[in-house]
Amino acid sequence: MKKSLLAISAASTLALSVLIACAPPEKDNTGGDTSSGVKVSEATSAADFGGMDALVEAAKKEGELNVIALPPDWANYGAIIKAFFDKYGIKVNSAQPDAASQDEINAANQQKGKSSAPDVFDLGQSVALANTSMFAPYKVATFDDIPAAFKDPDGTWVNDYGGYMSIGFDSAKVPPVASVNDLLKPEYNGKVALNGDPTQAGAAFSGVLMVALSQGGSVDDIAPGVEFFRKLKAAGNFLPVDPTPATIESGQTPVVIDWNYLNAAETKKLPTWKVLVPPGSTVAGYYYQAINKDAPHPAAARLWQEFLYSDEGQNLFAVGGVRPVRADSMMAAGTLDKTVAAQLPIIDGPVTVPSPDQTEKATKYLADNWAKAIG
Amino acid sequence: MVLRKLREGLPLLPFLVVVVVFLIIPTVTVIVSSVYADGVFSFARIQALFSGTARSALAKSVLLSGTTAIIGAILGAVLAWLIVSSPPTSMVRRAVISLCSVLAQFGGVALAFAFLATVGLNGVLTLWVQQVFGFNLAGSGWLYGLTGLILVYTYFQIPLMVIVFVPALEGLRDQWREAAVSLGASTWRYWREVAVPLLTPAFLGSALLLFANAFAAYATAAALVSQGSPIVPLLIRSALTSEVVLGQSGFAYALALEMIVVVAVVMAAYSALVRRTARWLR
């Protein structure tokens, strides 16, 4: 009896430690060397591999790519991941598709050295610029084609796509929205939602900035935006629900302030969903693409970049309603898909893109005042 | 002697491993990280717990957990008593208990969405009542605040109470009641002097479980409240994942420590209470 007890105890302890050890194995991610003698994890262009074909070869050998926080209905990522797999036969592991930018950085830190760590990032501005030390510089073949304002000169990060802040509304449920001020009308009682809390989510932050511009504020003065939301709340029009495709399609959030490409994605599922980029207060935001310095699949990560910035990848982004970073030069060269280009919103007048300093200042103001205005 | 003691403790080893890996290591990590980060020891993050936002989040969290624990415990106990009154072979009884096991786990996004779609500002019931009676059920958006959280949390607290409290009620033997009655006790007196004192420790224990359950619940609140971070778990989320205000993960650890302390205090109070109420059982 004693003995069997001992055996059971030992066996279950063993079983438990096996369970714990079941985490993904540690992996030597310094990778191999490329044919030109550069470490794969330090290659800064396809030339370091000895050309594009050699890069493809090296990436195929790794066979996998870990991406994180890429929702399939966001900027057409579902189709992009599929196209990448079809073209190169590299399996794409998409982790936590609905995670926030900061979660990507947290995951990279927590899983450092594991085969499950993210290979590439797609980040909002403030998170990207605060973590540049975690990125591996890399210049894609089309690097010179990208406007200087949208890339780090060394290729540490490169903007991949962007969009404009917009108001989406269900024309079957509410009268058409023509301007930001319309939202204060009684017809919109309990119907106006913002995508997240502006002290937490980049999209909501840009939404408040857009409203601020329409109320006589500026990129240096976001206070009128906060004041507008206070009035919206006092009028009973503000709906403090986090809008998702489910809430939009079921009619729980008939008016949503969000990026135009996210609103446009809803139109495909709900034809009465209209999108307005308010004239005169256009706020643009670009996402930041970067390679994890400790990527477990360094060659595949670099091939992913080449794919995203190729004509094919940029056109796929455009199908998702976002403005690919090479849009202007591709339009000039005639390589941007015509039908897709026609769908991108036409913007007259100035477009506001906040600088990191301006973002920081506005953030500070929001942290102190947002909860008071909306609480 | 030492060897024998060791051998006697051996069956507990697997349990010990579980406790160390899933309880002790995370707790120590939280404690250390809340005062020590990047080689610097500081109480700044603990101090931040006394700021207005953090204090109001704690107050609301305790209020929410306390209210739903009390409502859930009382209504759940009554429901459990009704269930136990029917014979164990009854189909209805088995169905209700199975249903409770499912509903107790029904928290989270699905539950929040169900409430949004029913009594939210644009919910089905709200719109119908508005049309037929001209009355706005969703009022000033009460569902998206503390009131709404209390209602929604109660929805999974009651079934949980039923599950944990039914066994205690089943433990009351008929013979005790018969003995009390044959000694001349009225039903009221039997309940007051026999049943209630016997059930009190189980009732308090269940209520504590409900409190902890609500205190740590996160997904339901996250789906229901998107503006501001009224309760502690949401404040932790915002400190960890904010894309706008960065570098607050230390504050998240401090908040987690605060939650551990609150639960520890409640636990201590509970065990003191039980010791008092259970004294006569010995």
# chains A, B, ... in the order shown; residues from 1 in each chain; ligands from 1
call {"tool": "interface_residues", "arguments": {"of": "chain B", "to": "chain A", "cutoff": "7 Å", "atoms": "only C-alpha atoms", "output": "number ranges by chain"}}
result
B: 10-11, 13-14, 117, 121-123, 140, 144, 223-228, 238, 241-245
call {"tool": "write_last_selection", "arguments": {"atoms": "N, CA and C atoms", "output": "mmCIF file, in the first residue's frame"}}
result
data_model
loop_
_atom_site.group_PDB
_atom_site.id
_atom_site.type_symbol
_atom_site.label_atom_id
_atom_site.label_comp_id
_atom_site.auth_asym_id
_atom_site.auth_seq_id
_atom_site.Cartn_x
_atom_site.Cartn_y
_atom_site.Cartn_z
ATOM 1 N N LEU B 10 4.566 12.618 1.451
ATOM 2 C CA LEU B 10 4.809 12.370 0.032
ATOM 3 C C LEU B 10 3.565 12.458 -0.854
ATOM 4 N N PRO B 11 2.418 11.902 -0.419
ATOM 5 C CA PRO B 11 1.236 11.972 -1.288
ATOM 6 C C PRO B 11 0.827 13.405 -1.612
ATOM 7 N N LEU B 13 2.846 15.698 -2.488
ATOM 8 C CA LEU B 13 3.836 16.324 -3.356
ATOM 9 C C LEU B 13 3.247 16.888 -4.658
ATOM 10 N N PRO B 14 2.418 16.096 -5.368
ATOM 11 C CA PRO B 14 1.858 16.649 -6.616
ATOM 12 C C PRO B 14 1.076 17.925 -6.365
ATOM 13 N N ALA B 117 -28.274 43.170 -26.143
ATOM 14 C CA ALA B 117 -29.238 42.990 -27.221
ATOM 15 C C ALA B 117 -30.662 42.979 -26.695
ATOM 16 N N LEU B 121 -29.472 50.195 -24.912
ATOM 17 C CA LEU B 121 -30.142 51.369 -25.474
ATOM 18 C C LEU B 121 -30.855 51.047 -26.781
ATOM 19 N N ASN B 122 -30.319 50.073 -27.543
ATOM 20 C CA ASN B 122 -30.974 49.685 -28.790
ATOM 21 C C ASN B 122 -31.413 48.228 -28.745
ATOM 22 N N GLY B 123 -31.665 47.729 -27.510
ATOM 23 C CA GLY B 123 -32.045 46.334 -27.338
ATOM 24 C C GLY B 123 -33.456 46.049 -27.838
ATOM 25 N N SER B 140 -30.971 56.170 -18.811
ATOM 26 C CA SER B 140 -29.794 56.958 -19.151
ATOM 27 C C SER B 140 -28.583 56.066 -19.411
ATOM 28 N N TYR B 144 -24.672 50.237 -18.793
ATOM 29 C CA TYR B 144 -23.238 50.335 -19.085
ATOM 30 C C TYR B 144 -22.445 50.844 -17.888
ATOM 31 N N ALA B 223 -16.726 43.541 -21.845
ATOM 32 C CA ALA B 223 -17.608 43.631 -23.004
ATOM 33 C C ALA B 223 -18.696 44.673 -22.796
ATOM 34 N N LEU B 224 -19.015 44.957 -21.547
ATOM 35 C CA LEU B 224 -20.138 45.835 -21.245
ATOM 36 C C LEU B 224 -19.715 47.294 -21.104
ATOM 37 N N VAL B 225 -18.529 47.527 -20.559
ATOM 38 C CA VAL B 225 -18.088 48.886 -20.259
ATOM 39 C C VAL B 225 -16.834 49.181 -21.061
ATOM 40 N N SER B 226 -16.929 50.064 -22.044
ATOM 41 C CA SER B 226 -15.730 50.326 -22.835
ATOM 42 C C SER B 226 -15.123 51.688 -22.530
ATOM 43 N N GLN B 227 -15.862 52.554 -21.843
ATOM 44 C CA GLN B 227 -15.301 53.868 -21.537
ATOM 45 C C GLN B 227 -14.912 53.945 -20.076
ATOM 46 N N GLY B 228 -13.681 54.396 -19.824
ATOM 47 C CA GLY B 228 -13.207 54.459 -18.458
ATOM 48 C C GLY B 228 -12.953 53.062 -17.939
ATOM 49 N N SER B 238 -6.316 48.144 -18.674
ATOM 50 C CA SER B 238 -5.916 49.389 -19.315
ATOM 51 C C SER B 238 -4.439 49.680 -19.056
ATOM 52 N N THR B 241 -2.462 47.063 -21.469
ATOM 53 C CA THR B 241 -2.571 47.003 -22.924
ATOM 54 C C THR B 241 -2.774 48.351 -23.599
ATOM 55 N N SER B 242 -2.795 49.455 -22.827
ATOM 56 C CA SER B 242 -3.061 50.735 -23.469
ATOM 57 C C SER B 242 -2.085 50.995 -24.610
ATOM 58 N N GLU B 243 -2.617 51.403 -25.762
ATOM 59 C CA GLU B 243 -1.757 51.760 -26.898
ATOM 60 C C GLU B 243 -1.355 53.216 -26.807
ATOM 61 N N VAL B 244 -1.994 53.952 -25.916
ATOM 62 C CA VAL B 244 -1.816 55.392 -25.897
ATOM 63 C C VAL B 244 -0.920 55.835 -24.738
ATOM 64 N N VAL B 245 -1.270 55.395 -23.520
ATOM 65 C CA VAL B 245 -0.424 55.697 -22.361
ATOM 66 C C VAL B 245 0.444 54.458 -22.107
#
call {"tool": "select_by_dssp", "arguments": {"residues": "stretch 19-154 of chain B", "states": "strand (DSSP E or B)", "output": "list of chain:residue names"}}
result
B:Tyr36, B:Ala37, B:Val40, B:Phe41
call {"tool": "atom_distance", "arguments": {"atom1": "atom CA of B:Gly247", "atom2": "atom CA of A:Pro71"}}
result
24.7 Å
call {"tool": "residues_around", "arguments": {"residues": "B:Tyr270", "least_positions_apart": "5", "cutoff": "10 Å", "atoms": "only C-alpha atoms", "output": "list of chain:residue names"}}
result
B:Pro201, B:Leu204, B:Gly205, B:Ala207, B:Leu208, B:Ala264, B:Val265, B:Arg275, B:Arg276
call {"tool": "atom_distance", "arguments": {"atom1": "atom CA of A:Ala79", "atom2": "atom CA of A:Asn315"}}
result
11.2 Å
call {"tool": "select_by_dssp", "arguments": {"residues": "stretch 238-320 of chain A", "states": "helix (DSSP H, G or I)", "output": "MDAnalysis selection string"}}
result
chainID A and resid 245:249 260:269 298:309 311:319
call {"tool": "residues_around", "arguments": {"residues": "A:Ala54", "least_positions_apart": "6", "cutoff": "12 Å", "atoms": "only C-alpha atoms", "output": "PyMOL selection string"}}
result
chain A and resi 33-36+40+45-48+60-61+299-300+302-303
call {"tool": "atom_distance", "arguments": {"atom1": "atom CA of B:Leu103", "atom2": "atom CA of B:Ala69"}}
result
16.0 Å
call {"tool": "residues_around", "arguments": {"residues": "stretch 20-37 of chain B", "least_positions_apart": "6", "cutoff": "12 Å", "atoms": "only C-alpha atoms", "output": "CSV table (one decimal) with C-alpha atoms, in the first residue's frame"}}
result
chain,number,residue,atom,x,y,z
A,16,LEU,CA,2.9,17.4,-13.8
A,17,SER,CA,6.5,18.4,-14.6
A,19,LEU,CA,3.0,19.2,-18.4
A,20,ILE,CA,4.9,22.2,-17.3
A,21,ALA,CA,7.7,21.3,-19.6
B,13,LEU,CA,3.8,16.3,-3.4
B,14,PRO,CA,1.9,16.6,-6.6
B,43,PHE,CA,7.1,52.4,-3.7
B,44,ALA,CA,5.8,54.9,-6.3
B,45,ARG,CA,3.6,52.3,-7.9
B,46,ILE,CA,2.1,51.3,-4.5
B,47,GLN,CA,1.5,55.0,-3.8
B,48,ALA,CA,-0.3,55.3,-7.1
B,49,LEU,CA,-2.9,52.9,-5.6
B,247,GLY,CA,4.8,51.9,-19.6
B,248,GLN,CA,2.3,51.3,-16.9
B,249,SER,CA,2.8,47.5,-16.4
B,250,GLY,CA,4.3,48.2,-13.0
B,251,PHE,CA,1.0,49.8,-11.9
B,252,ALA,CA,-0.9,46.8,-13.1
B,253,TYR,CA,1.2,44.6,-10.8
B,254,ALA,CA,0.5,47.0,-7.9
B,255,LEU,CA,-3.2,46.7,-8.7
B,256,ALA,CA,-3.0,42.9,-8.8
B,257,LEU,CA,-1.3,43.0,-5.4
B,258,GLU,CA,-4.1,45.1,-4.1
B,259,MET,CA,-6.6,42.5,-5.3
B,260,ILE,CA,-4.7,39.7,-3.5
B,261,VAL,CA,-4.7,41.8,-0.3
call {"tool": "residues_around", "arguments": {"residues": "A:Leu70", "least_positions_apart": "6", "cutoff": "9 Å", "atoms": "only C-alpha atoms", "output": "ChimeraX atom specification"}}
result
/A:77-78,94-99,122
